[in-house]
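> Here's a structure for you.
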Amino acid sequence: RANRIGVEGGKVFGKALEVNSALTQLTVEFNGIGDKGGTAFGQALRINRNLTELNVADNGIGDTGASAFGKALWVNSTLTHLNLGANSIADTGGKDLGKGLAVNSTLTELNLGNNKIGAKGGIALGKALEVNSSLTQLNLRFNGIGDQGGKAFGKALMVNSTLAQLNLAVNRIVAEGARAFSKALMVNNHLTQLELEFNRIGAQGGKAFGKALQVNRSLTCLNLGVN
């Protein structure tokens with residue numbers, strides 16, 4: 001962490017993962033590997049069959065790198081934890097990660113917090129959760145997915161049966177998105193933790209959640225602070 005590995009070092013690490021058969025956990029957080037380094041890691045994951053946990057947070061990875069990770073999720077069957085938080089991933093990268101997530105059946109934890117994924121990326125990730133059957137934790141904090149993205153996640157939670165923890169704090173979700181979540185909570189029996197603080201759900205959204213909590217029996221932690 002914070003070792004100034006840089007872009008060229010990131011590319012070399014990516015190449016190494018294509019042939020390494022021992023490493024199971026790797027953290028290169030805050031090392032400035034950039035989009036090219038991120039792309040090298042994504043490409044490596046299409047070949048590597050032993051790495052289970054990868055942390056490349058805070059590395060300046062953008063849409064190109066995120067798309068490489070998305071493509072890797074189509075074929076990788078060993079990675080369970082992926083941290084892409086605090087990068088520069090926008091809607092294109094978010095959409096490609098969503099496509100990969102819709103197919104992947106091994107990833108259990110994904111951190112995309114503090115990126116720039118936006119509404120289109122949020123919608124794609126929400127749709128992915130309608131069919132994904134492995135992810136248990138997803139962090140999309142501070143990504144500006146808005147009400148449209150929020151509604152996509154609410155719709156997904158109507159049918160998803162594996163996600164246990166979802167963080168959508170600081171995402172400009174308002175009353176309509178809150179109502180979508182509330183409807184989901186009336187039928188979802190698997191979600192245990194939902195973080196929606198620092199949004200704008202207002203009084204109508206609060207009422208909707210109140211009604212849902214009269215029915216829901218699985219949620220143990222709900223954060224609606226500063227709404």
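Residue numbers start at 1 in each chain; chains themselves are named A, B, ... in the order of the structure tokens; ligands are numbered from 1 in the order shown.
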May I have the residues within 6 Å of range 100-107 of chain A as a ChimeraX atom specification, using only C-alpha atoms and disregarding those fewer than 3 positions away in the same chain?

/A:70-71,73-74,77,79-80,97,128,131-132,134-135

> Could you list, as a tab-separated table (two decimals) with N, CA, C and O atoms, in the first residue's frame, every residue within 6 Å of Ala212 in chain A, counting only C-alpha atoms and ignoring same-chain residues fewer than 6 positions away?


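around17.tsv written:
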chain	number	residue	atom	x	y	z
A	182	SER	N	-38.69	0.29	-0.36
A	182	SER	CA	-39.71	-0.09	0.61
A	182	SER	C	-40.56	-1.25	0.10
A	182	SER	O	-40.86	-2.20	0.84
A	185	LEU	N	-38.53	-4.40	0.45
A	185	LEU	CA	-38.40	-4.89	1.82
A	185	LEU	C	-39.64	-5.65	2.28
A	185	LEU	O	-39.56	-6.43	3.24
A	186	MET	N	-40.75	-5.46	1.60
A	186	MET	CA	-41.96	-6.18	1.97
A	186	MET	C	-41.92	-7.64	1.53
A	186	MET	O	-42.66	-8.48	2.05

> Name all residues at most 12 Å from Val28 in chain A (count only C-alpha atoms; drop same-chain ones fewer than 6 positions away) and give them as a CSV table (one decimal) with all heavy atoms, in the first residue's frame.


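Produced file out_30.csv, reproduced below:
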chain,number,residue,atom,x,y,z
A,1,ARG,N,0.8,-1.2,0.0
A,1,ARG,CA,0.0,0.0,0.0
A,1,ARG,C,0.9,1.3,0.0
A,1,ARG,O,1.8,1.3,0.8
A,1,ARG,CB,-0.9,0.0,1.2
A,1,ARG,CG,-1.8,1.2,1.3
A,1,ARG,CD,-2.8,1.1,2.5
A,1,ARG,NE,-3.6,2.3,2.6
A,1,ARG,CZ,-4.6,2.5,3.4
A,1,ARG,NH1,-4.9,1.5,4.2
A,1,ARG,NH2,-5.3,3.6,3.5
A,2,ALA,N,0.6,2.2,-0.8
A,2,ALA,CA,1.3,3.5,-0.9
A,2,ALA,C,2.8,3.3,-1.1
A,2,ALA,O,3.6,3.8,-0.4
A,2,ALA,CB,1.1,4.3,0.3
A,3,ASN,N,3.1,2.4,-2.1
A,3,ASN,CA,4.5,2.1,-2.4
A,3,ASN,C,5.0,2.7,-3.7
A,3,ASN,O,6.1,2.4,-4.2
A,3,ASN,CB,4.8,0.6,-2.4
A,3,ASN,CG,5.1,0.1,-1.0
A,3,ASN,OD1,6.0,0.5,-0.3
A,3,ASN,ND2,4.2,-0.8,-0.5
A,4,ARG,N,4.1,3.5,-4.3
A,4,ARG,CA,4.5,4.2,-5.6
A,4,ARG,C,4.9,3.2,-6.7
A,4,ARG,O,5.8,3.4,-7.4
A,4,ARG,CB,5.6,5.2,-5.3
A,4,ARG,CG,5.3,6.3,-4.3
A,4,ARG,CD,6.4,7.2,-4.1
A,4,ARG,NE,6.2,8.2,-3.0
A,4,ARG,CZ,7.0,9.1,-2.6
A,4,ARG,NH1,8.2,9.1,-3.1
A,4,ARG,NH2,6.7,9.9,-1.7
A,5,ILE,N,4.1,2.1,-6.8
A,5,ILE,CA,4.4,1.1,-7.8
A,5,ILE,C,4.2,1.7,-9.2
A,5,ILE,O,5.0,1.4,-10.1
A,5,ILE,CB,3.4,-0.1,-7.6
A,5,ILE,CG1,3.9,-0.9,-6.3
A,5,ILE,CG2,3.5,-1.0,-8.8
A,5,ILE,CD1,2.9,-1.9,-5.9
A,6,GLY,N,3.2,2.6,-9.4
A,6,GLY,CA,3.0,3.3,-10.6
A,6,GLY,C,2.5,2.4,-11.7
A,6,GLY,O,2.2,1.2,-11.6
A,7,VAL,N,2.3,3.1,-12.9
A,7,VAL,CA,1.7,2.4,-14.0
A,7,VAL,C,2.5,1.2,-14.5
A,7,VAL,O,2.0,0.1,-14.7
A,7,VAL,CB,1.4,3.4,-15.2
A,7,VAL,CG1,0.9,2.7,-16.4
A,7,VAL,CG2,0.5,4.5,-14.7
A,9,GLY,N,4.8,-0.5,-13.0
A,9,GLY,CA,4.9,-1.5,-12.0
A,9,GLY,C,3.5,-2.3,-12.0
A,9,GLY,O,3.5,-3.5,-11.9
A,10,GLY,N,2.4,-1.6,-12.2
A,10,GLY,CA,1.1,-2.2,-12.2
A,10,GLY,C,1.0,-3.2,-13.4
A,10,GLY,O,0.5,-4.3,-13.3
A,13,PHE,N,3.0,-6.3,-12.6
A,13,PHE,CA,2.2,-7.1,-11.7
A,13,PHE,C,1.1,-7.9,-12.4
A,13,PHE,O,0.9,-9.1,-12.1
A,13,PHE,CB,1.6,-6.3,-10.5
A,13,PHE,CG,2.4,-6.2,-9.3
A,13,PHE,CD1,3.4,-5.3,-9.1
A,13,PHE,CD2,2.2,-7.2,-8.3
A,13,PHE,CE1,4.1,-5.3,-7.9
A,13,PHE,CE2,2.9,-7.2,-7.1
A,13,PHE,CZ,3.9,-6.2,-6.9
A,14,GLY,N,0.4,-7.2,-13.3
A,14,GLY,CA,-0.6,-7.9,-14.1
A,14,GLY,C,-0.1,-9.0,-14.8
A,14,GLY,O,-0.7,-10.1,-14.8
A,34,GLY,N,-3.0,3.4,-12.2
A,34,GLY,CA,-3.8,4.0,-13.3
A,34,GLY,C,-4.6,3.0,-14.1
A,34,GLY,O,-4.7,1.9,-13.8
A,37,GLY,N,-2.5,0.1,-15.7
A,37,GLY,CA,-2.2,-0.9,-14.7
A,37,GLY,C,-3.5,-1.7,-14.3
A,37,GLY,O,-3.4,-3.0,-14.2
A,38,GLY,N,-4.6,-1.0,-14.2
A,38,GLY,CA,-5.8,-1.7,-13.9
A,38,GLY,C,-6.3,-2.6,-15.0
A,38,GLY,O,-6.7,-3.7,-14.7
A,41,PHE,N,-4.3,-5.8,-14.7
A,41,PHE,CA,-4.9,-6.7,-13.7
A,41,PHE,C,-6.2,-7.4,-14.2
A,41,PHE,O,-6.4,-8.6,-13.9
A,41,PHE,CB,-5.2,-5.9,-12.4
A,41,PHE,CG,-4.0,-5.7,-11.5
A,41,PHE,CD1,-3.1,-4.6,-11.6
A,41,PHE,CD2,-3.7,-6.7,-10.6
A,41,PHE,CE1,-2.0,-4.5,-10.7
A,41,PHE,CE2,-2.6,-6.6,-9.7
A,41,PHE,CZ,-1.8,-5.5,-9.8
A,53,GLU,N,-8.7,-12.8,-3.5
A,53,GLU,CA,-9.0,-11.5,-3.0
A,53,GLU,C,-8.0,-10.5,-3.6
A,53,GLU,O,-6.8,-10.7,-3.6
A,53,GLU,CB,-8.8,-11.4,-1.5
A,53,GLU,CG,-9.8,-12.3,-0.7
A,53,GLU,CD,-9.7,-12.2,0.8
A,53,GLU,OE1,-9.2,-11.2,1.3
A,53,GLU,OE2,-10.2,-13.1,1.5
A,54,LEU,N,-8.6,-9.4,-4.2
A,54,LEU,CA,-7.8,-8.4,-4.8
A,54,LEU,C,-8.3,-7.0,-4.4
A,54,LEU,O,-9.4,-6.6,-4.6
A,54,LEU,CB,-7.8,-8.5,-6.4
A,54,LEU,CG,-7.1,-7.4,-7.2
A,54,LEU,CD1,-5.6,-7.4,-6.9
A,54,LEU,CD2,-7.3,-7.6,-8.7
A,55,ASN,N,-7.3,-6.2,-3.9
A,55,ASN,CA,-7.6,-4.8,-3.5
A,55,ASN,C,-6.8,-3.8,-4.4
A,55,ASN,O,-5.6,-3.7,-4.3
A,55,ASN,CB,-7.3,-4.6,-2.1
A,55,ASN,CG,-7.6,-3.2,-1.6
A,55,ASN,OD1,-7.9,-2.3,-2.3
A,55,ASN,ND2,-7.6,-3.0,-0.3
A,56,VAL,N,-7.5,-3.1,-5.3
A,56,VAL,CA,-6.8,-2.1,-6.2
A,56,VAL,C,-7.5,-0.8,-6.0
A,56,VAL,O,-7.6,0.0,-6.9
A,56,VAL,CB,-6.8,-2.5,-7.6
A,56,VAL,CG1,-5.8,-3.7,-7.9
A,56,VAL,CG2,-8.2,-3.0,-8.1
A,57,ALA,N,-7.9,-0.5,-4.8
A,57,ALA,CA,-8.6,0.8,-4.4
A,57,ALA,C,-7.7,1.9,-4.6
A,57,ALA,O,-6.4,1.8,-4.4
A,57,ALA,CB,-9.2,0.7,-3.0
A,58,ASP,N,-8.2,3.1,-4.9
A,58,ASP,CA,-7.5,4.4,-4.9
A,58,ASP,C,-6.3,4.3,-5.7
A,58,ASP,O,-5.1,4.6,-5.3
A,58,ASP,CB,-7.1,4.7,-3.4
A,58,ASP,CG,-6.8,6.2,-3.2
A,58,ASP,OD1,-7.0,7.0,-4.2
A,58,ASP,OD2,-6.4,6.6,-2.1
A,59,ASN,N,-6.5,4.0,-7.0
A,59,ASN,CA,-5.4,3.9,-8.0
A,59,ASN,C,-5.5,4.6,-9.3
A,59,ASN,O,-4.8,4.4,-10.2
A,59,ASN,CB,-5.1,2.4,-8.3
A,59,ASN,CG,-4.1,1.7,-7.4
A,59,ASN,OD1,-2.9,2.1,-7.4
A,59,ASN,ND2,-4.5,0.7,-6.6
A,82,LEU,N,-13.4,-8.3,-4.4
A,82,LEU,CA,-12.8,-7.3,-5.3
A,82,LEU,C,-13.0,-5.9,-4.8
A,82,LEU,O,-14.2,-5.5,-4.7
A,82,LEU,CB,-13.3,-7.4,-6.7
A,82,LEU,CG,-12.8,-6.4,-7.8
A,82,LEU,CD1,-11.3,-6.5,-7.9
A,82,LEU,CD2,-13.5,-6.7,-9.1
A,83,ASN,N,-12.0,-5.1,-4.5
A,83,ASN,CA,-12.1,-3.8,-4.1
A,83,ASN,C,-11.6,-2.8,-5.1
A,83,ASN,O,-10.4,-2.7,-5.4
A,83,ASN,CB,-11.3,-3.6,-2.8
A,83,ASN,CG,-11.5,-2.2,-2.1
A,83,ASN,OD1,-12.0,-1.3,-2.7
A,83,ASN,ND2,-11.1,-2.1,-0.9
A,84,LEU,N,-12.5,-2.1,-5.7
A,84,LEU,CA,-12.3,-1.0,-6.7
A,84,LEU,C,-12.7,0.3,-6.2
A,84,LEU,O,-12.9,1.2,-7.0
A,84,LEU,CB,-13.0,-1.4,-8.0
A,84,LEU,CG,-12.4,-2.5,-8.9
A,84,LEU,CD1,-13.4,-2.9,-10.0
A,84,LEU,CD2,-11.1,-2.0,-9.6

> Looking at only C-alpha atoms, which of A:Val12, A:Ala119, A:Ala86, A:Val174 is the one that sits closest to Ile61 in chain A?

A:Ala86
